[in-house]
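Trainee: If it helps, the file is called query13.cif and holds mmCIF, C-alpha atoms:
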data_model
#
loop_
_atom_site.label_atom_id
_atom_site.label_comp_id
_atom_site.auth_asym_id
_atom_site.auth_seq_id
_atom_site.Cartn_x
_atom_site.Cartn_y
_atom_site.Cartn_z
CA MET S 23 -26.29 4.72 13.64
CA ASN S 24 -26.57 1.09 14.72
CA SER S 25 -23.90 -0.20 17.07
CA LEU S 26 -21.58 -3.12 16.48
CA THR S 27 -19.60 -5.27 18.86
CA PRO S 28 -15.85 -5.77 18.43
CA SER S 29 -16.43 -9.39 17.39
CA GLN S 30 -18.85 -8.33 14.63
CA LEU S 31 -16.24 -5.86 13.41
CA PHE S 32 -13.60 -8.59 13.54
CA ILE S 33 -15.75 -10.82 11.32
CA SER S 34 -16.59 -8.12 8.78
CA PHE S 35 -12.97 -7.10 8.43
CA SER S 36 -11.81 -10.72 8.25
CA LYS S 37 -14.01 -11.15 5.19
CA ILE S 38 -12.46 -8.03 3.68
CA GLY S 39 -8.90 -9.17 4.37
CA ILE S 40 -9.24 -12.67 2.98
CA SER S 41 -11.15 -11.72 -0.16
CA GLY S 42 -8.96 -8.76 -1.00
CA PHE S 43 -7.07 -10.12 -3.97
CA GLY S 44 -5.34 -7.36 -5.91
CA GLY S 45 -6.34 -4.51 -3.63
CA VAL S 46 -8.46 -4.49 -0.52
CA LEU S 47 -10.30 -1.19 -0.89
CA PRO S 48 -12.91 -2.31 -3.46
CA TRP S 49 -13.72 -5.28 -1.19
CA ALA S 50 -13.96 -3.01 1.81
CA ARG S 51 -16.65 -0.99 0.03
CA ARG S 52 -18.47 -4.11 -1.14
CA THR S 53 -18.52 -5.68 2.33
CA LEU S 54 -19.13 -2.64 4.51
CA VAL S 55 -21.61 -0.84 2.27
CA GLU S 56 -23.35 -3.49 0.15
CA GLN S 57 -23.27 -6.75 2.12
CA ASP S 58 -23.08 -5.92 5.83
CA LYS S 59 -24.69 -2.47 5.41
CA ILE S 60 -22.57 -1.00 8.19
CA LEU S 61 -21.99 2.28 6.36
CA THR S 62 -23.77 4.23 3.65
CA SER S 63 -21.85 4.89 0.46
CA GLU S 64 -21.37 8.56 1.45
CA GLU S 65 -20.08 7.68 4.91
CA PHE S 66 -17.65 5.20 3.37
CA SER S 67 -16.28 7.80 0.94
CA ALA S 68 -15.92 10.41 3.68
CA ILE S 69 -14.02 8.03 5.94
CA LEU S 70 -11.85 6.81 3.06
CA GLY S 71 -10.98 10.43 2.25
CA ILE S 72 -9.62 10.89 5.77
CA CYS S 73 -7.68 7.63 5.66
CA GLN S 74 -5.92 8.68 2.49
CA ILE S 75 -4.76 11.96 4.03
CA VAL S 76 -2.81 10.19 6.74
CA PRO S 77 0.33 8.35 5.62
CA GLY S 78 0.71 4.62 6.24
CA PRO S 79 -1.28 1.60 5.11
CA ASN S 80 -4.64 3.00 3.95
CA VAL S 81 -6.73 -0.09 4.65
CA VAL S 82 -5.42 -0.35 8.19
CA ASN S 83 -6.34 3.30 8.67
CA LEU S 84 -9.80 2.49 7.34
CA ALA S 85 -10.16 -0.36 9.84
CA VAL S 86 -9.14 1.97 12.68
CA CYS S 87 -11.66 4.62 11.60
CA VAL S 88 -14.60 2.27 11.12
CA GLY S 89 -13.77 0.15 14.17
CA SER S 90 -13.40 3.08 16.55
CA ARG S 91 -16.53 4.70 15.22
CA PHE S 92 -18.69 1.74 16.28
CA ALA S 93 -16.84 0.37 19.32
CA GLY S 94 -14.05 2.72 20.39
CA ALA S 95 -10.46 1.57 20.81
CA ARG S 96 -11.48 -2.06 21.21
CA GLY S 97 -13.45 -1.89 17.99
CA ALA S 98 -10.45 -0.40 16.20
CA ALA S 99 -8.19 -3.17 17.46
CA ALA S 100 -10.74 -5.86 16.52
CA ALA S 101 -11.12 -4.47 12.99
CA VAL S 102 -7.37 -4.22 12.42
CA LEU S 103 -6.77 -7.75 13.73
CA GLY S 104 -9.60 -9.11 11.60
CA LEU S 105 -8.20 -7.42 8.52
CA THR S 106 -4.62 -8.59 9.01
CA LEU S 107 -4.52 -11.96 10.82
CA GLY S 108 -6.00 -14.13 8.04
CA PRO S 109 -3.84 -12.68 5.26
CA ILE S 110 -0.71 -12.89 7.45
CA LEU S 111 -1.40 -16.58 8.06
CA ILE S 112 -1.87 -17.21 4.35
CA VAL S 113 1.28 -15.35 3.39
CA LEU S 114 3.28 -17.28 6.00
CA VAL S 115 2.07 -20.56 4.51
CA LEU S 116 3.19 -19.28 1.11
CA ALA S 117 6.53 -18.35 2.67
CA LEU S 118 7.01 -21.92 3.90
CA LEU S 119 6.19 -23.26 0.43
CA TYR S 120 8.66 -20.76 -1.01
CA GLN S 121 11.36 -21.99 1.36
CA HIS S 122 10.93 -25.54 0.06
CA TYR S 123 10.43 -24.90 -3.63
CA SER S 124 12.26 -21.66 -4.44
CA HIS S 125 15.11 -23.58 -6.11
CA LEU S 126 12.79 -24.86 -8.87
CA GLU S 127 13.06 -23.07 -12.20
CA THR S 128 9.28 -23.12 -12.53
CA VAL S 129 8.85 -21.28 -9.23
CA LYS S 130 11.55 -18.75 -10.12
CA GLY S 131 9.87 -18.06 -13.45
CA LEU S 132 6.44 -17.83 -11.83
CA LEU S 133 7.63 -15.22 -9.34
CA ARG S 134 9.53 -13.24 -12.01
CA GLY S 135 6.34 -12.99 -14.03
CA ILE S 136 4.21 -12.02 -11.04
CA SER S 137 6.63 -9.37 -9.81
CA ALA S 138 6.76 -7.73 -13.24
CA VAL S 139 2.95 -7.56 -13.20
CA GLY S 140 2.92 -6.43 -9.56
CA VAL S 141 5.06 -3.41 -10.23
CA GLY S 142 2.80 -2.56 -13.17
CA LEU S 143 -0.23 -2.72 -10.87
CA ILE S 144 1.40 -0.26 -8.47
CA ALA S 145 2.20 2.09 -11.33
CA SER S 146 -1.34 1.95 -12.64
CA THR S 147 -2.70 2.86 -9.19
CA GLY S 148 -0.58 5.99 -9.48
CA PHE S 149 -1.69 6.70 -13.05
CA LYS S 150 -5.36 6.29 -12.17
CA MET S 151 -5.02 8.84 -9.38
CA LEU S 152 -3.07 11.08 -11.74
CA ARG S 153 -6.14 11.48 -13.97
CA ASP S 154 -7.85 13.62 -11.33
CA GLU S 155 -4.93 16.03 -11.22
CA PHE S 156 -5.60 17.23 -14.78
CA ARG S 157 -8.56 19.22 -13.44
CA TYR S 158 -5.99 21.60 -12.00
CA PRO S 159 -2.79 20.94 -13.96
CA ILE S 160 -0.46 23.06 -11.80
CA MET S 161 -0.73 20.32 -9.17
CA LEU S 162 1.17 18.14 -11.65
CA LEU S 163 4.19 20.23 -10.68
CA VAL S 164 4.01 18.72 -7.19
CA VAL S 165 3.86 15.24 -8.69
CA ALA S 166 6.80 15.99 -11.01
CA ILE S 167 8.97 17.45 -8.24
CA THR S 168 8.20 14.49 -5.99
CA ILE S 169 9.23 12.05 -8.72
CA CYS S 170 12.42 14.03 -9.46
CA ALA S 171 13.39 14.23 -5.80
CA ALA S 172 12.86 10.51 -5.28
CA THR S 173 14.21 9.00 -8.50
CA TYR S 174 16.77 11.52 -9.78
CA PHE S 175 18.14 13.03 -6.58
CA HIS S 176 17.55 9.80 -4.63
CA LEU S 177 16.27 11.62 -1.57
CA GLY S 178 14.89 9.38 1.13
CA LEU S 179 11.14 9.16 1.60
CA GLY S 180 11.10 11.48 4.63
CA TRP S 181 13.13 14.19 2.90
CA VAL S 182 11.00 14.01 -0.24
CA VAL S 183 7.83 14.55 1.78
CA LEU S 184 9.31 17.35 3.90
CA THR S 185 10.66 19.29 0.91
CA VAL S 186 7.60 18.93 -1.30
CA LEU S 187 4.91 19.36 1.37
CA PRO S 188 4.99 23.20 1.63
CA LEU S 189 4.53 23.64 -2.14
CA ALA S 190 1.88 20.90 -2.17
CA LEU S 191 -0.13 22.64 0.55
CA TYR S 192 0.25 26.05 -1.10
CA LEU S 193 -0.95 24.85 -4.51
CA ALA S 194 -3.64 22.65 -2.94
CA ARG S 195 -5.11 25.70 -1.22
CA LYS S 196 -5.25 27.55 -4.55
CA LYS S 197 -6.87 24.48 -6.15
CA ALA S 198 -9.43 24.29 -3.35
CA LEU S 199 -10.32 27.96 -3.82
CA ILE S 200 -10.83 27.56 -7.57
CA LEU S 201 -12.64 24.20 -7.78
CA MET Q 6 17.55 -9.25 18.25
CA SER Q 7 19.16 -5.97 17.23
CA ALA Q 8 18.03 -6.45 13.64
CA LEU Q 9 14.47 -6.92 14.88
CA LEU Q 10 14.59 -3.70 16.87
CA SER Q 11 16.25 -1.92 13.96
CA ILE Q 12 13.60 -3.06 11.46
CA PHE Q 13 10.85 -2.09 13.92
CA LEU Q 14 12.17 1.44 14.43
CA LYS Q 15 13.02 2.09 10.79
CA LEU Q 16 9.71 0.79 9.45
CA SER Q 17 7.84 2.79 12.08
CA VAL Q 18 9.51 6.00 10.88
CA PHE Q 19 9.10 5.18 7.16
CA SER Q 20 5.40 4.54 7.57
CA LEU Q 21 4.89 8.05 8.95
CA PHE Q 22 5.99 9.47 5.59
CA ALA Q 23 4.29 6.90 3.40
CA PHE Q 24 1.65 8.99 1.66
CA GLY Q 25 -0.02 6.66 -0.79
CA GLY Q 26 0.31 3.68 1.54
CA VAL Q 27 2.91 0.99 1.87
CA ASN Q 28 3.63 0.91 -1.87
CA ALA Q 29 5.26 4.31 -1.38
CA LEU Q 30 7.82 2.95 1.05
CA LEU Q 31 8.84 -0.14 -0.97
CA PRO Q 32 12.00 1.49 -2.42
CA GLU Q 33 13.13 2.49 1.07
CA LEU Q 34 12.44 -1.03 2.23
CA LEU Q 35 14.41 -2.51 -0.65
CA ASN Q 36 17.32 -0.17 -0.04
CA LEU Q 37 17.36 -0.94 3.67
CA ALA Q 38 16.95 -4.70 3.40
CA VAL Q 39 19.14 -5.38 0.36
CA TYR Q 40 21.84 -2.71 0.19
CA GLN Q 41 22.26 -1.32 3.69
CA GLU Q 42 21.65 -4.20 6.07
CA HIS Q 43 22.07 -7.15 3.65
CA TRP Q 44 19.18 -9.03 5.25
CA VAL Q 45 18.18 -10.55 1.90
CA ASP Q 46 19.55 -10.50 -1.63
CA LEU Q 47 17.76 -8.69 -4.42
CA GLN Q 48 16.32 -11.91 -5.85
CA THR Q 49 14.75 -12.91 -2.54
CA PHE Q 50 13.31 -9.41 -2.09
CA SER Q 51 11.75 -9.59 -5.58
CA ASP Q 52 10.34 -13.03 -4.77
CA TYR Q 53 8.78 -11.78 -1.53
CA PHE Q 54 7.33 -8.83 -3.42
CA ALA Q 55 5.80 -11.28 -5.94
CA ILE Q 56 4.34 -13.51 -3.20
CA ALA Q 57 2.86 -10.47 -1.46
CA GLN Q 58 1.27 -9.31 -4.72
CA ALA Q 59 -0.27 -12.71 -5.41
CA ALA Q 60 -1.59 -13.27 -1.87
CA PRO Q 61 -4.94 -11.87 -0.72
CA GLY Q 62 -5.09 -9.08 1.82
CA PRO Q 63 -3.56 -5.67 2.40
CA ASN Q 64 -0.59 -4.74 0.23
CA PHE Q 65 1.98 -4.57 3.02
CA MET Q 66 2.81 -8.28 2.97
CA THR Q 67 6.31 -7.68 1.51
CA VAL Q 68 7.07 -6.17 4.90
CA THR Q 69 5.55 -9.16 6.71
CA LEU Q 70 7.62 -11.60 4.64
CA LEU Q 71 10.81 -9.69 5.28
CA GLY Q 72 10.13 -9.83 9.02
CA TRP Q 73 9.48 -13.56 8.68
CA HIS Q 74 12.80 -14.00 6.85
CA LEU Q 75 14.65 -12.39 9.77
CA TYR Q 76 12.89 -13.80 12.83
CA GLY Q 77 10.19 -16.23 11.78
CA VAL Q 78 6.63 -15.66 12.92
CA LEU Q 79 7.69 -13.16 15.60
CA GLY Q 80 9.55 -11.15 12.98
CA ALA Q 81 6.53 -11.20 10.68
CA LEU Q 82 4.28 -9.82 13.41
CA VAL Q 83 6.80 -7.21 14.59
CA ALA Q 84 7.46 -5.92 11.07
CA THR Q 85 3.74 -5.73 10.32
CA LEU Q 86 3.06 -3.95 13.61
CA ALA Q 87 5.86 -1.49 12.85
CA ILE Q 88 4.28 -0.16 9.66
CA ALA Q 89 0.75 -0.15 11.06
CA TRP Q 90 0.98 1.39 14.54
CA PRO Q 91 2.15 4.96 13.86
CA SER Q 92 -0.58 5.74 11.35
CA SER Q 93 -3.20 3.83 13.36
CA ILE Q 94 -2.53 5.95 16.45
CA LEU Q 95 -2.39 9.08 14.31
CA ILE Q 96 -5.70 8.44 12.56
CA TYR Q 97 -7.40 7.32 15.78
CA PHE Q 98 -6.87 10.75 17.28
CA LEU Q 99 -7.03 12.80 14.08
CA GLN Q 100 -10.23 11.42 12.54
CA ARG Q 101 -12.64 13.48 14.65
CA LEU Q 102 -10.47 16.51 14.18
CA ILE Q 103 -10.45 16.12 10.38
CA LEU Q 104 -14.15 15.21 10.19
CA GLY Q 105 -14.81 18.27 12.35
CA ILE Q 106 -13.06 20.75 10.04
CA LYS Q 107 -15.87 23.10 9.11
CA ASP Q 108 -13.95 25.14 6.56
CA PRO Q 109 -14.36 23.17 3.29
CA ILE Q 110 -11.41 25.00 1.71
CA LYS Q 111 -9.07 23.87 4.46
CA LYS Q 112 -10.34 20.31 4.26
CA LYS Q 113 -9.99 20.13 0.49
CA SER Q 114 -6.52 21.71 0.59
CA ILE Q 115 -5.25 18.98 2.89
CA GLN Q 116 -6.87 16.30 0.72
CA TYR Q 117 -5.47 17.67 -2.54
CA ALA Q 118 -1.97 18.07 -1.10
CA ALA Q 119 -1.94 14.53 0.29
CA ALA Q 120 -3.25 13.14 -3.02
CA ALA Q 121 -0.59 14.90 -5.11
CA LEU Q 122 2.17 13.67 -2.80
CA ALA Q 123 0.75 10.16 -2.86
CA ILE Q 124 0.70 10.08 -6.68
CA GLY Q 125 4.30 11.28 -6.89
CA LEU Q 126 5.49 8.76 -4.33
CA VAL Q 127 3.59 5.81 -5.78
CA LEU Q 128 4.82 6.50 -9.33
CA SER Q 129 8.41 6.95 -8.14
CA SER Q 130 8.12 3.77 -6.17
CA ALA Q 131 6.91 1.81 -9.18
CA TRP Q 132 9.81 3.18 -11.22
CA GLN Q 133 12.45 2.46 -8.58
CA ILE Q 134 11.13 -1.04 -7.93
CA ALA Q 135 10.85 -1.79 -11.65
CA ILE Q 136 14.50 -0.97 -12.37
CA GLN Q 137 15.56 -3.23 -9.52
CA ILE Q 138 13.41 -6.29 -10.11
CA ASN Q 139 12.91 -6.37 -13.88
CA HIS Q 140 15.92 -8.05 -15.41
CA SER Q 141 14.84 -8.49 -19.01
CA THR Q 142 13.21 -6.54 -21.79
CA ALA Q 143 10.34 -9.02 -21.63
CA ALA Q 144 9.79 -8.14 -17.96
CA TYR Q 145 9.56 -4.44 -18.81
CA ILE Q 146 7.15 -5.17 -21.65
CA LEU Q 147 4.99 -7.18 -19.22
CA THR Q 148 5.03 -4.30 -16.72
CA LEU Q 149 4.07 -1.78 -19.40
CA ALA Q 150 1.36 -4.08 -20.77
CA THR Q 151 -0.06 -4.44 -17.26
CA ILE Q 152 -0.21 -0.66 -16.89
CA GLY Q 153 -1.88 -0.28 -20.29
CA PHE Q 154 -4.47 -2.99 -19.76
CA THR Q 155 -5.38 -1.90 -16.23
CA LEU Q 156 -5.85 1.69 -17.36
CA PHE Q 157 -8.00 0.86 -20.37
CA THR Q 158 -9.90 -2.28 -19.34
CA ARG Q 159 -11.84 -3.22 -16.20
CA TRP Q 160 -10.27 -6.67 -15.79
CA HIS Q 161 -9.64 -7.85 -12.27
CA PRO Q 162 -5.96 -7.52 -11.22
CA LEU Q 163 -5.88 -11.24 -10.46
CA TYR Q 164 -6.09 -12.01 -14.19
CA PHE Q 165 -2.92 -10.04 -14.85
CA ILE Q 166 -1.13 -11.76 -11.97
CA ALA Q 167 -2.19 -15.14 -13.39
CA ILE Q 168 -1.08 -14.22 -16.90
CA GLY Q 169 2.26 -12.93 -15.56
CA GLY Q 170 2.74 -16.16 -13.61
CA VAL Q 171 2.01 -18.32 -16.65
CA LEU Q 172 4.37 -16.32 -18.88
CA GLY Q 173 7.02 -16.65 -16.19
CA VAL Q 174 6.59 -20.41 -15.85
CA LEU Q 175 6.86 -20.78 -19.61
CA GLY Q 176 10.22 -19.01 -19.40
CA PHE Q 177 9.35 -15.83 -21.28
CA ILE Q 178 10.22 -13.34 -18.52
#
Starting from the file, lay out its structure as structure tokens.

Mentor:
Amino acid sequence: MNSLTPSQLFISFSKIGISGFGGVLPWARRTLVEQDKILTSEEFSAILGICQIVPGPNVVNLAVCVGSRFAGARGAAAAVLGLTLGPILIVLVLALLYQHYSHLETVKGLLRGISAVGVGLIASTGFKMLRDEFRYPIMLLVVAITICAATYFHLGLGWVVLTVLPLALYLARKKALIL
Amino acid sequence: MSALLSIFLKLSVFSLFAFGGVNALLPELLNLAVYQEHWVDLQTFSDYFAIAQAAPGPNFMTVTLLGWHLYGVLGALVATLAIAWPSSILIYFLQRLILGIKDPIKKKSIQYAAAALAIGLVLSSAWQIAIQINHSTAAYILTLATIGFTLFTRWHPLYFIAIGGVLGVLGFI
């Protein structure tokens, strides 16, 4: 494995952050695997798998994993900063524009349209992941109970996770033994 | 300052349960910011959500914007840090442990369980956010159309955001 300095990691992850329109993960693969050749495709998938186990922002987790792998804690910090600083700056500029122009009907309409699409994009992320669950349909029970707990019983996020987790782990073990 | 500390602590805790990423904690965020603490009204929250969706970068920018609304640039940084630090610390120490799990059954079980939880949380989130921010039948149709097209075509998400924006400007939504 070749080694990378924190500043190289910062640059790679800056590219990922800025170009990540509509989801950063595809860009992370493109940059890390295809362009900068930091990771092989298999390494990328293995690391991504770990990042999706841990709750919290998945791309930030990815930056921590890749960064620390090549340059320890400083590498992790450099990767996370690279990933986030550019986009934060851009979004703050947009926030200033919003402050000045949010009273315009055009802007209101624009944002109404985008938010309706945005929520659809989140839902389709969920539906795409749902496809995999049909390989072992009993796992759909976990999905259904989670949705019921959150939307019908209005349990908070923490309570939903704590109540569903035991069943999820139990069924996941059975799924792992079969598949 | 107390609101800043409060948002830091609450977001830190939420992020520890956010299987499926920040999208999973959006309903909690909306509830906290709009109905409990009255930091912003529902319209402003929806607008921030829209800006975050249209901007490049990681999908936690709704959180950043909310922090900005409260305390300017400092607020933006604090709110962003709040959702990122718990999982960053966690994964920093756990990654070797998880990579080192020799038993493939154990490893897969954890992955499958986390995935199922993530799906449930992300779908619930989309539902809860939709009923808050969509105010017209046209908005729901646009949301459903987005889901349909993204599932059955390979168009880039940016096209849908652009189309949504144009429909909105024209006054359809």

Trainee: Could you tell me how far CA of Leu54 (chain S) sits from CA of Ile96 (chain Q), in Å to one decimal place?

Mentor: 19.2 Å

Trainee: Restricting the calculation to only C-alpha atoms: of Q:Leu82, Q:Ala123, Q:Ala167, Q:Leu149, which residue gets closest to Ala59 (chain Q)?

Mentor: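 Using only C-alpha atoms, the shortest distance to Ala59 (chain Q) belongs to Q:Ala167.
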
Trainee: Please produce, as JSON lines, a per-residue contact table for chain S versus chain Q (criterion: any atom at most 7 Å away, only C-alpha atoms considered), showing the nearest atom pair and its distance in Å to one decimal, sorted by chain then residue number.

Mentor:
{"residue": "S:Gly39", "atom": "CA", "partner": "Q:Gly62", "partner_atom": "CA", "distance": 4.6}
{"residue": "S:Ile40", "atom": "CA", "partner": "Q:Gly62", "partner_atom": "CA", "distance": 5.6}
{"residue": "S:Ser41", "atom": "CA", "partner": "Q:Pro61", "partner_atom": "CA", "distance": 6.2}
{"residue": "S:Gly42", "atom": "CA", "partner": "Q:Gly62", "partner_atom": "CA", "distance": 4.8}
{"residue": "S:Phe43", "atom": "CA", "partner": "Q:Pro61", "partner_atom": "CA", "distance": 4.3}
{"residue": "S:Gly44", "atom": "CA", "partner": "Q:Pro162", "partner_atom": "CA", "distance": 5.3}
{"residue": "S:Gly45", "atom": "CA", "partner": "Q:Pro63", "partner_atom": "CA", "distance": 6.7}
{"residue": "S:Val46", "atom": "CA", "partner": "Q:Pro63", "partner_atom": "CA", "distance": 5.8}
{"residue": "S:Ile72", "atom": "CA", "partner": "Q:Gln100", "partner_atom": "CA", "distance": 6.8}
{"residue": "S:Ile75", "atom": "CA", "partner": "Q:Ala119", "partner_atom": "CA", "distance": 5.3}
{"residue": "S:Val76", "atom": "CA", "partner": "Q:Ile96", "partner_atom": "CA", "distance": 6.7}
{"residue": "S:Pro77", "atom": "CA", "partner": "Q:Phe24", "partner_atom": "CA", "distance": 4.2}
{"residue": "S:Gly78", "atom": "CA", "partner": "Q:Gly26", "partner_atom": "CA", "distance": 4.8}
{"residue": "S:Pro79", "atom": "CA", "partner": "Q:Gly26", "partner_atom": "CA", "distance": 4.4}
{"residue": "S:Asn80", "atom": "CA", "partner": "Q:Gly26", "partner_atom": "CA", "distance": 5.5}
{"residue": "S:Val81", "atom": "CA", "partner": "Q:Pro63", "partner_atom": "CA", "distance": 6.8}
{"residue": "S:Val82", "atom": "CA", "partner": "Q:Ala89", "partner_atom": "CA", "distance": 6.8}
{"residue": "S:Asn83", "atom": "CA", "partner": "Q:Ser93", "partner_atom": "CA", "distance": 5.7}
{"residue": "S:Val86", "atom": "CA", "partner": "Q:Ser93", "partner_atom": "CA", "distance": 6.3}
{"residue": "S:Cys87", "atom": "CA", "partner": "Q:Tyr97", "partner_atom": "CA", "distance": 6.6}
{"residue": "S:Pro109", "atom": "CA", "partner": "Q:Gly62", "partner_atom": "CA", "distance": 5.1}
{"residue": "S:Val113", "atom": "CA", "partner": "Q:Ala60", "partner_atom": "CA", "distance": 6.3}
{"residue": "S:Thr128", "atom": "CA", "partner": "Q:Val174", "partner_atom": "CA", "distance": 5.1}
{"residue": "S:Gly131", "atom": "CA", "partner": "Q:Gly173", "partner_atom": "CA", "distance": 4.2}
{"residue": "S:Leu132", "atom": "CA", "partner": "Q:Gly170", "partner_atom": "CA", "distance": 4.4}
{"residue": "S:Leu133", "atom": "CA", "partner": "Q:Ala55", "partner_atom": "CA", "distance": 5.5}
{"residue": "S:Arg134", "atom": "CA", "partner": "Q:Gly173", "partner_atom": "CA", "distance": 5.9}
{"residue": "S:Gly135", "atom": "CA", "partner": "Q:Gly173", "partner_atom": "CA", "distance": 4.3}
{"residue": "S:Ile136", "atom": "CA", "partner": "Q:Gly169", "partner_atom": "CA", "distance": 5.0}
{"residue": "S:Ser137", "atom": "CA", "partner": "Q:Ala55", "partner_atom": "CA", "distance": 4.4}
{"residue": "S:Ala138", "atom": "CA", "partner": "Q:Thr148", "partner_atom": "CA", "distance": 5.2}
{"residue": "S:Val139", "atom": "CA", "partner": "Q:Thr148", "partner_atom": "CA", "distance": 5.2}
{"residue": "S:Gly140", "atom": "CA", "partner": "Q:Gln58", "partner_atom": "CA", "distance": 5.9}
{"residue": "S:Val141", "atom": "CA", "partner": "Q:Ala131", "partner_atom": "CA", "distance": 5.6}
{"residue": "S:Gly142", "atom": "CA", "partner": "Q:Thr148", "partner_atom": "CA", "distance": 4.5}
{"residue": "S:Leu143", "atom": "CA", "partner": "Q:Ile152", "partner_atom": "CA", "distance": 6.4}
{"residue": "S:Ile144", "atom": "CA", "partner": "Q:Ala131", "partner_atom": "CA", "distance": 5.9}
{"residue": "S:Ala145", "atom": "CA", "partner": "Q:Ala131", "partner_atom": "CA", "distance": 5.2}
{"residue": "S:Ser146", "atom": "CA", "partner": "Q:Ile152", "partner_atom": "CA", "distance": 5.1}
{"residue": "S:Gly148", "atom": "CA", "partner": "Q:Ile124", "partner_atom": "CA", "distance": 5.1}
{"residue": "S:Lys150", "atom": "CA", "partner": "Q:Leu156", "partner_atom": "CA", "distance": 7.0}
{"residue": "S:Met151", "atom": "CA", "partner": "Q:Ile124", "partner_atom": "CA", "distance": 6.4}
{"residue": "S:Leu152", "atom": "CA", "partner": "Q:Ile124", "partner_atom": "CA", "distance": 6.4}
{"residue": "S:Met161", "atom": "CA", "partner": "Q:Ala121", "partner_atom": "CA", "distance": 6.8}
{"residue": "S:Val164", "atom": "CA", "partner": "Q:Ala121", "partner_atom": "CA", "distance": 6.3}
{"residue": "S:Val165", "atom": "CA", "partner": "Q:Gly125", "partner_atom": "CA", "distance": 4.4}
{"residue": "S:Ala166", "atom": "CA", "partner": "Q:Gly125", "partner_atom": "CA", "distance": 6.7}
{"residue": "S:Thr168", "atom": "CA", "partner": "Q:Gly125", "partner_atom": "CA", "distance": 5.1}
{"residue": "S:Ile169", "atom": "CA", "partner": "Q:Ser129", "partner_atom": "CA", "distance": 5.2}
{"residue": "S:Ala172", "atom": "CA", "partner": "Q:Ser129", "partner_atom": "CA", "distance": 6.4}
{"residue": "S:Thr173", "atom": "CA", "partner": "Q:Ser129", "partner_atom": "CA", "distance": 6.2}
{"residue": "S:Leu179", "atom": "CA", "partner": "Q:Phe22", "partner_atom": "CA", "distance": 6.5}
{"residue": "S:Gly180", "atom": "CA", "partner": "Q:Phe22", "partner_atom": "CA", "distance": 5.6}
{"residue": "S:Val183", "atom": "CA", "partner": "Q:Phe22", "partner_atom": "CA", "distance": 6.6}
{"residue": "S:Ala190", "atom": "CA", "partner": "Q:Ala118", "partner_atom": "CA", "distance": 4.9}
{"residue": "S:Leu191", "atom": "CA", "partner": "Q:Ala118", "partner_atom": "CA", "distance": 5.2}
{"residue": "S:Ala194", "atom": "CA", "partner": "Q:Ser114", "partner_atom": "CA", "distance": 4.7}
{"residue": "S:Arg195", "atom": "CA", "partner": "Q:Ser114", "partner_atom": "CA", "distance": 4.6}
{"residue": "S:Ala198", "atom": "CA", "partner": "Q:Ile110", "partner_atom": "CA", "distance": 5.5}
{"residue": "S:Leu199", "atom": "CA", "partner": "Q:Ile110", "partner_atom": "CA", "distance": 6.4}

Trainee: Counting all atoms listed in the file, what is within 12 Å of Thr27 (chain S), bar same-chain residues fewer than 2 positions away, as a ChimeraX atom specification?

Mentor: /S:24-25,29-34,60,88-101

Trainee: How many Å separate CA of Leu70 (chain S) from CA of Leu34 (chain Q)?

Mentor: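 Between CA of Leu70 (chain S) and CA of Leu34 (chain Q) the gap is 25.5 Å.
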
Trainee: One decimal, in Å: what's the spacing between CA of Glu42 (chain Q) and CA of His125 (chain S)?

Mentor: 23.8 Å

Trainee: Can you patch up region 33-42 of chain Q, filling it in to N, CA and C atoms, and show the result as an mmCIF file, in the frame of the given file?

Mentor:
data_model
loop_
_atom_site.group_PDB
_atom_site.id
_atom_site.type_symbol
_atom_site.label_atom_id
_atom_site.label_comp_id
_atom_site.auth_asym_id
_atom_site.auth_seq_id
_atom_site.Cartn_x
_atom_site.Cartn_y
_atom_site.Cartn_z
ATOM 1 N N GLU Q 33 12.372 2.347 -0.172
ATOM 2 C CA GLU Q 33 13.130 2.490 1.070
ATOM 3 C C GLU Q 33 13.385 1.124 1.697
ATOM 4 N N LEU Q 34 12.343 0.306 1.653
ATOM 5 C CA LEU Q 34 12.440 -1.030 2.230
ATOM 6 C C LEU Q 34 13.485 -1.850 1.495
ATOM 7 N N LEU Q 35 13.449 -1.769 0.161
ATOM 8 C CA LEU Q 35 14.410 -2.510 -0.650
ATOM 9 C C LEU Q 35 15.834 -2.045 -0.354
ATOM 10 N N ASN Q 36 16.013 -0.747 -0.310
ATOM 11 C CA ASN Q 36 17.320 -0.170 -0.040
ATOM 12 C C ASN Q 36 17.855 -0.622 1.318
ATOM 13 N N LEU Q 37 16.983 -0.545 2.316
ATOM 14 C CA LEU Q 37 17.360 -0.940 3.670
ATOM 15 C C LEU Q 37 17.722 -2.419 3.747
ATOM 16 N N ALA Q 38 16.814 -3.253 3.206
ATOM 17 C CA ALA Q 38 16.950 -4.700 3.400
ATOM 18 C C ALA Q 38 18.045 -5.299 2.528
ATOM 19 N N VAL Q 39 18.199 -4.767 1.303
ATOM 20 C CA VAL Q 39 19.140 -5.380 0.360
ATOM 21 C C VAL Q 39 20.515 -4.713 0.417
ATOM 22 N N TYR Q 40 20.548 -3.379 0.355
ATOM 23 C CA TYR Q 40 21.840 -2.710 0.190
ATOM 24 C C TYR Q 40 22.472 -2.220 1.477
ATOM 25 N N GLN Q 41 21.658 -1.813 2.458
ATOM 26 C CA GLN Q 41 22.260 -1.320 3.690
ATOM 27 C C GLN Q 41 22.537 -2.440 4.699
ATOM 28 N N GLU Q 42 21.502 -3.219 4.992
ATOM 29 C CA GLU Q 42 21.650 -4.200 6.070
ATOM 30 C C GLU Q 42 21.959 -5.618 5.564
#
